[in-house]
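Colleague: There's a structure below that I have some questions on.
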Amino acid sequence: TPDETGKSPLILVDPVMGDDGVLYSTYTQALAEGMRELSTHAQVLTPNLTEACFLTDTLYQDTAKMTEEESEGFVLSLLEKLSHICHGRIVVTGIGLAGGIVANAGRDEDGRIFWVKRACQDISYPGTGDIFASVLLGALMQGDSFEVACTRAADFIVLLITAALKTLLIENGWTAMTAVSTVIFSLFHWPCTTTLLTIKKETGSVGCMFAAAVIPTVLGILLLLLINSAARIIGI
């Protein structure tokens, strides 16, 4: 429906369905089919690779394990199938490529294909897809071309993750030794609750369960004290 200026609103659909080749646990087949129907009304469609596969009934494949030619062919095929669902602009996000690259592949209304490739970050956060879609929509509404809008959104996500990581770690006093200590303690600490309860069930002993929790934790603490003391002595 046109607004008070007589212009029709720009409809963007971000089909939040799943990731890494699987649907989210809350999804049912009926819900997936409903999302496919909703996508037919989109003027801008922003699925990630997993969602693009589910929307088009395509078997998911890990593009990061493909050659450049294979991954490009797979994604182009997805874009072609998606164009029969959404007749507007489409961008498939989160496409892993060989060499530590993550890409977004776009298809404009005239069928022109473009790629936005960036170095893959070593950390990920939930909600980046939502932010990508928001920045993309804002850029389109201010008059940017689809390719420019996708580029702006991708660059903003990289900037956001980099800034968040810096704030979270460096600006909160993290050092190289903090990182090493975290890795060590993740290896030497108490088992999860399920493991402890299993030990109690199998041995019939509460003492064995407590020992299984205390021994690795104490070893981890002692190892951390030893390593950090050595680091201070040698000036690391």
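By convention in this document, the chains of the structure tokens carry letters A, B, ... by their order, each chain's residues are numbered from 1, and ligands are numbered from 1 in the order they are shown.
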Near Met17 of chain A, counting only C-alpha atoms, which residues have an atom at most 8 Å away, once you skip same-chain residues fewer than 3 positions from it, shown as a ChimeraX atom specification?
Modeller: /A:23-24,27,32,51
Colleague: Residues near segment 72-74 of chain A, anyone? I mean within 10 Å using only C-alpha atoms, not counting same-chain ones fewer than 2 positions away, as a ChimeraX atom specification.
Modeller: /A:58,60-61,63,66-70,76-79,95,97,105,115
Colleague: Which residues, written as a ChimeraX atom specification, have at least one atom at most 12 Å from Phe132 of chain A, with only C-alpha atoms counted and residues fewer than 4 positions away on the same chain left out?
Modeller: /A:12,14,45-48,91-94,104,126-128,136-139,149-161
Colleague: For Ile85 of chain A, which of A:His41, A:Arg118, A:Arg107, A:Lys65 is the closest residue, counting only C-alpha atoms?
Modeller: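 Looking at the shortest contact to Ile85 of chain A, the residue is A:His41.
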Colleague: One decimal, in Å: what's the spacing between atom CA of Thr50 of chain A and atom CA of Asp19 of chain A?
Modeller: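 Interatomic distance here is 5.3 Å.
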Colleague: Run DSSP on the backbone and give me the residues of segment 53-220 of chain A it puts in helix (DSSP H, G or I), as a PyMOL selection string.
Modeller: chain A and resi 53-55+63-65+68-82+128-141+146-168+170-172+176-187+193-203+206-220
Colleague: Considering only C-alpha atoms, return as a PyMOL selection string whatever protein or nucleic-acid residues lie within 9 Å of Leu38 of chain A, sequence-local ones (same chain, fewer than 4 positions apart) excluded.
Modeller: chain A and resi 13+15+33-34+42
Colleague: If you count only C-alpha atoms, which residues fall within 10 Å of Leu196 of chain A, apart from same-chain ones fewer than 4 positions away, as a PyMOL selection string?
Modeller: chain A and resi 190-192+200-202+206+208-213
Colleague: Just how far from atom CA of Val16 of chain A is atom CA of Phe114 of chain A, in Å to one decimal?
Modeller: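 Separation between atom CA of Phe114 of chain A and atom CA of Val16 of chain A: 22.7 Å.
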Colleague: I'd like to know which residues of segment 12-197 of chain A are strand (DSSP E or B) (by DSSP, run on the backbone); could you write them as a VMD selection string?
Modeller: chain A and resid 12 to 13 18 to 19 22 to 23 44 to 45 48 89 to 97 101 to 107 113 to 119
Colleague: Mind checking which residues fall within 10 Å of segment 182-187 of chain A, counting only C-alpha atoms, ignoring those fewer than 6 positions away in the same chain, and posting them as a PDB file with N, CA, C and O atoms, in the first residue's frame?
Modeller:
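Below is the file that was written, selection-v5.pdb:
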ATOM      1  N   ALA A 176      48.346 -11.396  25.827  1.00  0.00           N
ATOM      2  CA  ALA A 176      48.624 -12.705  25.234  1.00  0.00           C
ATOM      3  C   ALA A 176      48.545 -13.797  26.298  1.00  0.00           C
ATOM      4  O   ALA A 176      48.042 -14.903  26.049  1.00  0.00           O
ATOM      5  N   PRO A 216      40.776 -32.337  37.839  1.00  0.00           N
ATOM      6  CA  PRO A 216      41.206 -31.549  36.675  1.00  0.00           C
ATOM      7  C   PRO A 216      41.204 -30.047  36.946  1.00  0.00           C
ATOM      8  O   PRO A 216      42.044 -29.313  36.404  1.00  0.00           O
ATOM      9  N   THR A 217      40.295 -29.588  37.809  1.00  0.00           N
ATOM     10  CA  THR A 217      40.242 -28.164  38.117  1.00  0.00           C
ATOM     11  C   THR A 217      41.484 -27.728  38.891  1.00  0.00           C
ATOM     12  O   THR A 217      42.097 -26.701  38.586  1.00  0.00           O
ATOM     13  N   LEU A 219      44.382 -29.276  38.918  1.00  0.00           N
ATOM     14  CA  LEU A 219      45.515 -29.378  37.998  1.00  0.00           C
ATOM     15  C   LEU A 219      45.586 -28.152  37.084  1.00  0.00           C
ATOM     16  O   LEU A 219      46.671 -27.617  36.820  1.00  0.00           O
ATOM     17  N   GLY A 220      44.410 -27.712  36.592  1.00  0.00           N
ATOM     18  CA  GLY A 220      44.373 -26.540  35.732  1.00  0.00           C
ATOM     19  C   GLY A 220      44.860 -25.297  36.446  1.00  0.00           C
ATOM     20  O   GLY A 220      45.638 -24.509  35.890  1.00  0.00           O
ATOM     21  N   ILE A 221      44.422 -25.090  37.692  1.00  0.00           N
ATOM     22  CA  ILE A 221      44.832 -23.915  38.470  1.00  0.00           C
ATOM     23  C   ILE A 221      46.335 -23.945  38.727  1.00  0.00           C
ATOM     24  O   ILE A 221      47.038 -22.931  38.564  1.00  0.00           O
ATOM     25  N   LEU A 223      48.617 -25.514  36.975  1.00  0.00           N
ATOM     26  CA  LEU A 223      49.314 -25.311  35.703  1.00  0.00           C
ATOM     27  C   LEU A 223      49.314 -23.841  35.319  1.00  0.00           C
ATOM     28  O   LEU A 223      50.332 -23.310  34.843  1.00  0.00           O
ATOM     29  N   LEU A 224      48.202 -23.146  35.553  1.00  0.00           N
ATOM     30  CA  LEU A 224      48.127 -21.721  35.247  1.00  0.00           C
ATOM     31  C   LEU A 224      49.072 -20.919  36.137  1.00  0.00           C
ATOM     32  O   LEU A 224      49.744 -19.982  35.665  1.00  0.00           O
ATOM     33  N   ILE A 227      52.633 -21.541  34.785  1.00  0.00           N
ATOM     34  CA  ILE A 227      52.901 -20.869  33.509  1.00  0.00           C
ATOM     35  C   ILE A 227      52.982 -19.360  33.681  1.00  0.00           C
ATOM     36  O   ILE A 227      53.877 -18.693  33.139  1.00  0.00           O
TER      37      ILE A 227
END
